[in-house]
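As stored in data.tsv (TSV, C-alpha atoms (C1' of nucleotides)):
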```tsv
chain	number	residue	atom	x	y	z
A	1	MET	CA	59.01	214.50	-0.51
A	2	ALA	CA	56.56	215.98	1.94
A	3	GLY	CA	52.92	215.95	0.95
A	4	THR	CA	51.46	219.19	2.26
A	5	SER	CA	53.25	222.31	3.38
A	6	ILE	CA	51.11	223.17	6.41
A	7	ILE	CA	54.04	222.74	8.77
A	8	ALA	CA	56.38	224.97	6.74
A	9	LYS	CA	53.87	227.79	6.68
A	10	ARG	CA	53.20	227.64	10.40
A	11	LEU	CA	56.89	227.30	11.25
A	12	GLN	CA	57.58	230.48	9.33
A	13	GLN	CA	54.76	232.33	11.08
A	14	ALA	CA	55.82	231.13	14.51
A	15	ARG	CA	59.43	232.06	13.80
A	16	GLU	CA	58.43	235.56	12.73
A	17	ARG	CA	56.17	235.98	15.72
A	18	ALA	CA	59.03	234.99	18.03
A	19	GLY	CA	61.47	237.22	16.15
A	20	ILE	CA	64.07	234.48	15.67
A	21	SER	CA	66.90	235.48	13.34
A	22	SER	CA	67.51	232.15	11.61
A	23	GLN	CA	65.90	228.83	10.77
A	24	ALA	CA	68.68	227.05	12.64
A	25	LYS	CA	68.02	228.94	15.87
A	26	VAL	CA	64.48	227.58	15.92
A	27	GLY	CA	66.02	224.10	15.95
A	28	LEU	CA	68.48	225.05	18.68
A	29	LEU	CA	65.60	226.18	20.90
A	30	ALA	CA	64.16	222.71	20.32
A	31	ARG	CA	67.53	221.24	21.44
A	32	LEU	CA	68.18	219.46	18.15
A	33	GLN	CA	71.70	218.22	17.47
A	34	VAL	CA	73.85	221.28	16.66
A	35	SER	CA	75.84	219.64	13.84
A	36	SER	CA	72.83	219.05	11.61
A	37	VAL	CA	70.30	221.55	12.82
A	38	SER	CA	70.68	223.98	9.92
A	39	PRO	CA	69.96	221.70	6.93
A	40	ARG	CA	67.39	219.86	8.93
A	41	MET	CA	65.39	222.94	9.82
A	42	ASN	CA	65.75	224.18	6.26
A	43	GLN	CA	64.21	220.94	5.04
A	44	TYR	CA	61.23	221.61	7.28
A	45	PHE	CA	60.91	225.28	6.37
A	46	LYS	CA	61.06	224.42	2.67
A	47	SER	CA	58.89	221.32	3.21
A	48	LYS	CA	61.45	219.08	1.59
A	49	HIS	CA	60.85	216.74	4.51
A	50	ALA	CA	58.27	216.60	7.29
A	51	PRO	CA	59.65	216.35	10.83
A	52	LYS	CA	58.53	213.27	12.67
A	53	LEU	CA	56.05	213.83	15.44
A	54	SER	CA	58.55	213.61	18.31
A	55	THR	CA	60.68	216.28	16.63
A	56	MET	CA	57.68	218.51	16.05
A	57	VAL	CA	56.83	218.20	19.76
A	58	LEU	CA	60.29	219.56	20.62
A	59	ILE	CA	60.03	222.40	18.12
A	60	ALA	CA	56.56	223.38	19.35
A	61	ALA	CA	57.89	223.46	22.91
A	62	GLY	CA	60.91	225.52	21.84
A	63	LEU	CA	58.62	228.05	20.17
A	64	LYS	CA	56.16	227.94	23.09
A	65	THR	CA	53.37	227.31	20.61
A	66	PRO	CA	50.65	224.64	20.83
A	67	LEU	CA	51.53	221.56	18.77
A	68	PRO	CA	48.21	221.42	16.85
A	69	TYR	CA	48.93	224.90	15.47
A	70	PHE	CA	51.57	223.39	13.17
A	71	TYR	CA	49.07	220.91	11.71
A	72	CYS	CA	46.31	223.42	11.08
A	73	GLU	CA	45.52	224.46	7.51
A	74	ASP	CA	42.64	226.76	8.39
A	75	ASP	CA	43.94	230.23	9.27
A	76	GLN	CA	41.02	231.11	11.50
A	77	LEU	CA	41.37	227.92	13.51
A	78	ALA	CA	45.16	228.39	13.70
A	79	ASP	CA	44.55	231.82	15.17
A	80	LEU	CA	42.11	230.42	17.68
A	81	ILE	CA	44.53	227.67	18.75
A	82	LEU	CA	47.26	230.23	19.25
A	83	LYS	CA	45.09	232.54	21.34
A	84	PHE	CA	43.72	229.68	23.40
A	85	GLY	CA	47.26	228.91	24.47
A	86	SER	CA	47.64	232.39	25.98
A	87	LEU	CA	44.46	232.35	28.06
A	88	ASP	CA	44.29	231.63	31.78
A	89	GLU	CA	42.05	228.84	33.09
A	90	ALA	CA	39.07	231.09	33.77
A	91	GLN	CA	39.19	232.55	30.29
A	92	LYS	CA	39.45	229.09	28.75
A	93	LYS	CA	36.32	228.07	30.59
A	94	GLN	CA	34.50	231.20	29.42
A	95	LEU	CA	35.47	230.45	25.85
A	96	LEU	CA	34.30	226.84	26.04
A	97	ASP	CA	30.99	227.99	27.56
A	98	PHE	CA	30.58	230.48	24.75
A	99	VAL	CA	31.14	227.95	21.98
A	100	ASP	CA	28.57	225.61	23.54
A	101	LYS	CA	25.97	228.37	23.40
A	102	LEU	CA	26.49	229.11	19.71
B	1	MET	CA	58.63	203.26	18.32
B	2	ALA	CA	56.33	206.24	18.50
B	3	GLY	CA	57.17	208.90	21.06
B	4	THR	CA	53.87	210.21	22.34
B	5	SER	CA	50.44	208.63	22.13
B	6	ILE	CA	48.41	211.75	21.36
B	7	ILE	CA	47.33	210.39	18.00
B	8	ALA	CA	46.22	207.04	19.37
B	9	LYS	CA	44.01	208.65	21.98
B	10	ARG	CA	42.37	211.02	19.50
B	11	LEU	CA	41.91	208.27	16.90
B	12	GLN	CA	40.06	206.20	19.46
B	13	GLN	CA	37.84	209.12	20.44
B	14	ALA	CA	37.08	210.02	16.83
B	15	ARG	CA	36.32	206.40	16.02
B	16	GLU	CA	33.90	206.14	18.94
B	17	ARG	CA	32.25	209.41	18.04
B	18	ALA	CA	31.73	208.19	14.50
B	19	GLY	CA	30.51	204.79	15.72
B	20	ILE	CA	32.88	202.81	13.51
B	21	SER	CA	32.95	199.09	14.31
B	22	SER	CA	36.63	198.35	13.70
B	23	GLN	CA	40.05	199.96	13.56
B	24	ALA	CA	40.43	198.75	9.97
B	25	LYS	CA	37.26	200.48	8.81
B	26	VAL	CA	38.70	203.82	9.88
B	27	GLY	CA	41.55	203.13	7.46
B	28	LEU	CA	39.17	202.10	4.71
B	29	LEU	CA	37.33	205.42	5.03
B	30	ALA	CA	40.74	207.01	4.51
B	31	ARG	CA	41.16	204.89	1.36
B	32	LEU	CA	44.27	203.11	2.61
B	33	GLN	CA	45.38	199.98	0.78
B	34	VAL	CA	42.97	197.19	1.76
B	35	SER	CA	45.60	194.42	2.09
B	36	SER	CA	47.49	196.12	4.92
B	37	VAL	CA	44.94	198.41	6.47
B	38	SER	CA	44.24	196.29	9.53
B	39	PRO	CA	47.76	195.95	11.01
B	40	ARG	CA	48.59	199.44	9.93
B	41	MET	CA	45.66	201.02	11.72
B	42	ASN	CA	46.32	198.82	14.72
B	43	GLN	CA	49.86	200.18	14.86
B	44	TYR	CA	48.42	203.69	15.00
B	45	PHE	CA	45.72	202.87	17.56
B	46	LYS	CA	48.30	201.17	19.78
B	47	SER	CA	50.90	203.86	18.99
B	48	LYS	CA	53.41	201.30	17.86
B	49	HIS	CA	54.04	203.60	14.91
B	50	ALA	CA	53.01	207.16	14.09
B	51	PRO	CA	51.34	207.65	10.70
B	52	LYS	CA	53.20	210.03	8.46
B	53	LEU	CA	51.54	213.38	7.92
B	54	SER	CA	50.09	212.60	4.48
B	55	THR	CA	48.43	209.48	5.92
B	56	MET	CA	47.05	211.40	8.88
B	57	VAL	CA	45.56	213.93	6.42
B	58	LEU	CA	43.65	211.08	4.74
B	59	ILE	CA	42.46	209.65	8.04
B	60	ALA	CA	41.30	213.03	9.30
B	61	ALA	CA	39.35	213.53	6.07
B	62	GLY	CA	37.85	210.03	6.35
B	63	LEU	CA	36.69	210.79	9.86
B	64	LYS	CA	35.55	214.30	8.89
B	65	THR	CA	37.56	215.68	11.78
B	66	PRO	CA	40.00	218.62	11.71
B	67	LEU	CA	43.60	217.45	11.36
B	68	PRO	CA	44.97	219.44	14.32
B	69	TYR	CA	42.59	217.55	16.62
B	70	PHE	CA	44.81	214.47	16.29
B	71	TYR	CA	47.88	216.39	17.43
B	72	CYS	CA	46.28	218.01	20.44
B	73	GLU	CA	47.21	216.86	23.93
B	74	ASP	CA	45.04	219.33	25.77
B	75	ASP	CA	41.49	217.99	26.13
B	76	GLN	CA	39.88	221.42	26.34
B	77	LEU	CA	41.61	222.62	23.20
B	78	ALA	CA	40.78	219.36	21.41
B	79	ASP	CA	37.14	219.95	22.25
B	80	LEU	CA	37.33	223.51	20.96
B	81	ILE	CA	38.97	222.39	17.69
B	82	LEU	CA	36.26	219.82	17.18
B	83	LYS	CA	33.44	222.25	17.81
B	84	PHE	CA	34.99	224.93	15.64
B	85	GLY	CA	34.80	222.50	12.74
B	86	SER	CA	31.02	222.26	13.08
B	87	LEU	CA	30.31	225.99	13.11
B	88	ASP	CA	29.12	228.02	10.14
B	89	GLU	CA	31.07	231.07	8.98
B	90	ALA	CA	29.05	233.58	11.00
B	91	GLN	CA	29.51	231.56	14.18
B	92	LYS	CA	33.23	231.23	13.56
B	93	LYS	CA	33.48	234.99	13.27
B	94	GLN	CA	31.53	235.46	16.50
B	95	LEU	CA	33.85	233.08	18.28
B	96	LEU	CA	36.99	234.81	17.02
B	97	ASP	CA	35.55	238.19	18.08
B	98	PHE	CA	34.80	236.79	21.52
B	99	VAL	CA	38.30	235.45	22.07
B	100	ASP	CA	39.80	238.81	21.12
B	101	LYS	CA	37.72	240.52	23.80
B	102	LEU	CA	38.83	238.19	26.59
C	1	DC	C1'	32.94	174.40	20.28
C	2	DT	C1'	33.04	176.71	15.88
C	3	DC	C1'	32.80	180.50	12.97
C	4	DG	C1'	33.44	185.17	11.59
C	5	DA	C1'	35.01	189.44	12.87
C	6	DT	C1'	38.18	192.11	15.14
C	7	DA	C1'	42.60	192.91	17.45
C	8	DC	C1'	47.13	192.36	17.58
C	9	DT	C1'	52.34	191.07	16.63
C	10	DA	C1'	57.05	189.94	14.47
C	11	DA	C1'	60.12	190.77	11.08
C	12	DG	C1'	61.78	192.00	6.67
C	13	DA	C1'	60.75	195.32	2.58
C	14	DA	C1'	60.11	199.73	1.38
C	15	DG	C1'	60.25	204.38	2.10
C	16	DT	C1'	61.36	208.39	4.93
C	17	DT	C1'	64.22	211.49	7.44
C	18	DC	C1'	68.78	212.81	9.21
C	19	DT	C1'	73.61	213.72	8.69
C	20	DT	C1'	77.56	215.12	6.23
C	21	DA	C1'	79.74	217.88	3.23
C	22	DG	C1'	79.47	221.07	0.92
C	23	DT	C1'	77.73	225.63	-2.40
C	24	DA	C1'	74.92	229.88	-2.76
C	25	DT	C1'	73.25	234.15	-1.21
C	26	DC	C1'	72.75	238.17	1.49
C	27	DC	C1'	74.42	242.03	4.06
C	28	DC	C1'	77.63	244.85	6.29
C	29	DG	C1'	82.18	247.05	7.09
C	30	DT	C1'	86.28	248.69	5.01
D	1	DA	C1'	84.52	246.56	-5.04
D	2	DC	C1'	85.99	243.09	-1.93
D	3	DG	C1'	86.21	240.01	2.12
D	4	DG	C1'	84.05	237.88	5.90
D	5	DG	C1'	80.43	236.21	8.67
D	6	DA	C1'	75.80	234.77	8.95
D	7	DT	C1'	72.10	232.62	6.89
D	8	DA	C1'	69.87	229.74	3.33
D	9	DC	C1'	69.90	225.98	0.75
D	10	DT	C1'	71.03	221.27	-1.73
D	11	DA	C1'	72.64	216.39	-3.01
D	12	DA	C1'	73.33	211.97	-1.63
D	13	DG	C1'	74.17	208.24	1.32
D	14	DA	C1'	73.51	206.58	6.37
D	15	DA	C1'	70.30	205.76	9.64
D	16	DC	C1'	65.92	205.05	11.06
D	17	DT	C1'	60.77	204.65	10.55
D	18	DT	C1'	56.83	202.94	8.68
D	19	DC	C1'	54.43	199.63	5.76
D	20	DT	C1'	53.49	195.04	4.18
D	21	DT	C1'	53.14	190.22	4.69
D	22	DA	C1'	52.05	186.41	7.13
D	23	DG	C1'	50.47	185.01	10.47
D	24	DT	C1'	48.34	184.17	15.91
D	25	DA	C1'	45.11	185.73	19.61
D	26	DT	C1'	40.78	187.13	21.35
D	27	DC	C1'	35.97	187.98	21.59
D	28	DG	C1'	30.99	187.28	20.94
D	29	DA	C1'	27.12	184.95	18.78
D	30	DG	C1'	24.97	180.73	17.65
```

Please re-express this file's structure in structure tokens.
Amino acid sequence: MAGTSIIAKRLQQARERAGISSQAKVGLLARLQVSSVSPRMNQYFKSKHAPKLSTMVLIAAGLKTPLPYFYCEDDQLADLILKFGSLDEAQKKQLLDFVDKL
Amino acid sequence: MAGTSIIAKRLQQARERAGISSQAKVGLLARLQVSSVSPRMNQYFKSKHAPKLSTMVLIAAGLKTPLPYFYCEDDQLADLILKFGSLDEAQKKQLLDFVDKL
DNA sequence: CTCGATACTAAGAAGTTCTTAGTATCCCGT
DNA sequence: ACGGGATACTAAGAACTTCTTAGTATCGAG
């Protein structure tokens, strides 16, 4: 049984944000094997099992969401990670400058 | 065999930052079983195996480093995650306000 | 060169996820 | 109300991964 449920919570949020109509379709975007994608994704969404890292990399790519987002318990930091991913290079630099001056 | 080597790279950086003299001692801080901590940690540092999530949670706590840091490929974002962890609540709020205005 | 500490490896034991084969539930159209 | 399709969910064994044991290798200090 999976220890924490960080991944399940973030998967659900990312799915909602992307407006994906089923758990299984999240797995299909990650190019997981069609025949088992539905129970497998359900196991992740219900945190019955934790996906191994290489699987989580595929899912993160499929959802176009930074990998560390799915391992982040802190909601504020999760939000920051998400927004960082949408910035252009100049904005990223600005943000890093700002944090150094705090 | 482990897919990526994100974790290994971040473990090494966190270890150096904390000034810990051996791979095994990182595992001891995480309260891993003494008898197998040395090969086990070596497997993580060399990315022969990937620690399961519940183990990585312990290691992150032992190193007083945010968990998502160890799953972050992007160096800029890794840096941001690290620094976010050291801010007080007021500073975190300032940072989140700033990113929204970008 | 020897010692202690650290790094590393192979291979089987132990534990986990992944697949198969379903059932359950929800919602919509008739 | 009923049937059908889509989605959600579960048990249990197959397949695969990590974890443990039992070492060897390497490095630096004395």

Got a sec: who's within 10 Å of region 47-55 of chain B, counting all atoms listed in the file, leaving out chain neighbours fewer than 3 positions off, as a PDB file with C-alpha atoms (C1' of nucleotides), in the coordinates of the input?
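File written: around_11.pdb
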```pdb
ATOM      1  CA  ALA A   2      56.560 215.980   1.940  1.00  0.00           C
ATOM      2  CA  GLY A   3      52.920 215.950   0.950  1.00  0.00           C
ATOM      3  CA  THR A   4      51.460 219.190   2.260  1.00  0.00           C
ATOM      4  CA  ILE A   6      51.110 223.170   6.410  1.00  0.00           C
ATOM      5  CA  ILE A   7      54.040 222.740   8.770  1.00  0.00           C
ATOM      6  CA  ALA A  50      58.270 216.600   7.290  1.00  0.00           C
ATOM      7  CA  PRO A  51      59.650 216.350  10.830  1.00  0.00           C
ATOM      8  CA  LYS A  52      58.530 213.270  12.670  1.00  0.00           C
ATOM      9  CA  LEU A  53      56.050 213.830  15.440  1.00  0.00           C
ATOM     10  CA  SER A  54      58.550 213.610  18.310  1.00  0.00           C
ATOM     11  CA  TYR A  71      49.070 220.910  11.710  1.00  0.00           C
TER      12      TYR A  71
ATOM     13  CA  MET B   1      58.630 203.260  18.320  1.00  0.00           C
ATOM     14  CA  ALA B   2      56.330 206.240  18.500  1.00  0.00           C
ATOM     15  CA  GLY B   3      57.170 208.900  21.060  1.00  0.00           C
ATOM     16  CA  THR B   4      53.870 210.210  22.340  1.00  0.00           C
ATOM     17  CA  SER B   5      50.440 208.630  22.130  1.00  0.00           C
ATOM     18  CA  ILE B   6      48.410 211.750  21.360  1.00  0.00           C
ATOM     19  CA  ILE B   7      47.330 210.390  18.000  1.00  0.00           C
ATOM     20  CA  ALA B   8      46.220 207.040  19.370  1.00  0.00           C
ATOM     21  CA  LYS B   9      44.010 208.650  21.980  1.00  0.00           C
ATOM     22  CA  GLY B  27      41.550 203.130   7.460  1.00  0.00           C
ATOM     23  CA  ALA B  30      40.740 207.010   4.510  1.00  0.00           C
ATOM     24  CA  ARG B  31      41.160 204.890   1.360  1.00  0.00           C
ATOM     25  CA  LEU B  32      44.270 203.110   2.610  1.00  0.00           C
ATOM     26  CA  ARG B  40      48.590 199.440   9.930  1.00  0.00           C
ATOM     27  CA  MET B  41      45.660 201.020  11.720  1.00  0.00           C
ATOM     28  CA  ASN B  42      46.320 198.820  14.720  1.00  0.00           C
ATOM     29  CA  GLN B  43      49.860 200.180  14.860  1.00  0.00           C
ATOM     30  CA  TYR B  44      48.420 203.690  15.000  1.00  0.00           C
ATOM     31  CA  LEU B  58      43.650 211.080   4.740  1.00  0.00           C
ATOM     32  CA  ILE B  59      42.460 209.650   8.040  1.00  0.00           C
ATOM     33  CA  ALA B  60      41.300 213.030   9.300  1.00  0.00           C
ATOM     34  CA  ALA B  61      39.350 213.530   6.070  1.00  0.00           C
ATOM     35  CA  LEU B  67      43.600 217.450  11.360  1.00  0.00           C
TER      36      LEU B  67
ATOM     37  C1'  DT C  16      61.360 208.390   4.930  1.00  0.00           C
TER      38       DT C  16
ATOM     39  C1'  DT D  17      60.770 204.650  10.550  1.00  0.00           C
ATOM     40  C1'  DT D  18      56.830 202.940   8.680  1.00  0.00           C
ATOM     41  C1'  DC D  19      54.430 199.630   5.760  1.00  0.00           C
TER      42       DC D  19
END
```

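Between CA of Lys25 (chain B) and CA of Pro39 (chain B) the separation is 11.6 Å.
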
Contact residues around Arg10 (chain A) with all atoms listed in the file at 10 Å, ignoring same-chain residues under 4 positions, as a compact mmCIF listing (two decimals) with C-alpha atoms, keeping the file's coordinate frame:
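See out_17.txt below for the written result:
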```
# COMPACT_ATOMS: atom_id res chain seq x y z
CA SER A 5 53.25 222.31 3.38
CA ILE A 6 51.11 223.17 6.41
CA ALA A 14 55.82 231.13 14.51
CA ARG A 15 59.43 232.06 13.80
CA GLU A 16 58.43 235.56 12.73
CA PHE A 45 60.91 225.28 6.37
CA TYR A 69 48.93 224.90 15.47
CA PHE A 70 51.57 223.39 13.17
CA TYR A 71 49.07 220.91 11.71
CA CYS A 72 46.31 223.42 11.08
CA GLU A 73 45.52 224.46 7.51
CA ASP A 75 43.94 230.23 9.27
CA ALA A 78 45.16 228.39 13.70
```

- Task: Mind checking which residues fall within 12 Å of region 2-14 of chain D, counting all atoms listed in the file, ignoring those fewer than 2 positions away in the same chain, and posting them as an MDAnalysis selection string?
- Result: (chainID A and resid 21:25 38:46 48) or (chainID C and resid 17:30) or (chainID D and resid 16)

- Query: Near Leu95 (chain A), within 9 Å and counting only C-alpha atoms (C1' of nucleotides), which residues show up once chain neighbours fewer than 6 positions away are dropped, as a count of residues only?
  - Reply: 6

- Message: Please report the interatomic distance between CA of Asp100 (chain A) and CA of Ile20 (chain B) in Å with one decimal.
- Response: 25.3 Å

- Query: Please, what distance in Å, to one decimal, runs between CA of Gln94 (chain B) and CA of Ile81 (chain B)?
  - Reply: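 CA of Ile81 (chain B) lies at a distance of 15.1 Å from CA of Gln94 (chain B).
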
- Item | DT21 (chain D) surroundings by only C-alpha atoms (C1' of nucleotides), 10 Å radius, close-in-sequence under 2 positions cut, as a VMD selection string | (chain B and resid 35 to 36) or (chain C and resid 11 to 13) or (chain D and resid 19 23)

Is it possible to produce a file of chain C from this structure, with C-alpha atoms (C1' of nucleotides), as a JSON list (two decimals), in the first residue's frame?
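Listed below is the output, selection.json:
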```json
[["chain", "number", "residue", "atom", "x", "y", "z"],
["C", 1, "DC", "C1'", 51.99, -1.18, 3.99],
["C", 2, "DT", "C1'", 48.16, -1.31, 7.15],
["C", 3, "DC", "C1'", 44.07, 0.29, 9.07],
["C", 4, "DG", "C1'", 39.65, 2.40, 9.13],
["C", 5, "DA", "C1'", 36.32, 4.58, 6.57],
["C", 6, "DT", "C1'", 33.90, 4.99, 2.54],
["C", 7, "DA", "C1'", 32.30, 3.36, -1.97],
["C", 8, "DC", "C1'", 30.62, 0.00, -4.57],
["C", 9, "DT", "C1'", 28.68, -4.67, -6.59],
["C", 10, "DA", "C1'", 26.27, -9.33, -7.36],
["C", 11, "DA", "C1'", 22.61, -12.07, -6.48],
["C", 12, "DG", "C1'", 18.84, -13.94, -4.06],
["C", 13, "DA", "C1'", 14.93, -12.54, -0.65],
["C", 14, "DA", "C1'", 11.37, -9.67, 0.03],
["C", 15, "DG", "C1'", 8.19, -6.49, -1.32],
["C", 16, "DT", "C1'", 6.01, -3.62, -4.83],
["C", 17, "DT", "C1'", 3.52, -2.64, -8.95],
["C", 18, "DC", "C1'", 1.21, -4.22, -13.17],
["C", 19, "DT", "C1'", -1.99, -7.05, -15.65],
["C", 20, "DT", "C1'", -6.06, -9.68, -16.12],
["C", 21, "DA", "C1'", -10.56, -10.41, -15.34],
["C", 22, "DG", "C1'", -13.90, -8.97, -13.79],
["C", 23, "DT", "C1'", -18.03, -6.02, -10.79],
["C", 24, "DA", "C1'", -20.04, -1.49, -9.53],
["C", 25, "DT", "C1'", -21.70, 2.96, -10.46],
["C", 26, "DC", "C1'", -23.20, 6.86, -12.96],
["C", 27, "DC", "C1'", -25.65, 9.16, -16.55],
["C", 28, "DC", "C1'", -28.22, 9.63, -20.60],
["C", 29, "DG", "C1'", -31.64, 8.29, -24.17],
["C", 30, "DT", "C1'", -35.78, 5.86, -25.07]]
```
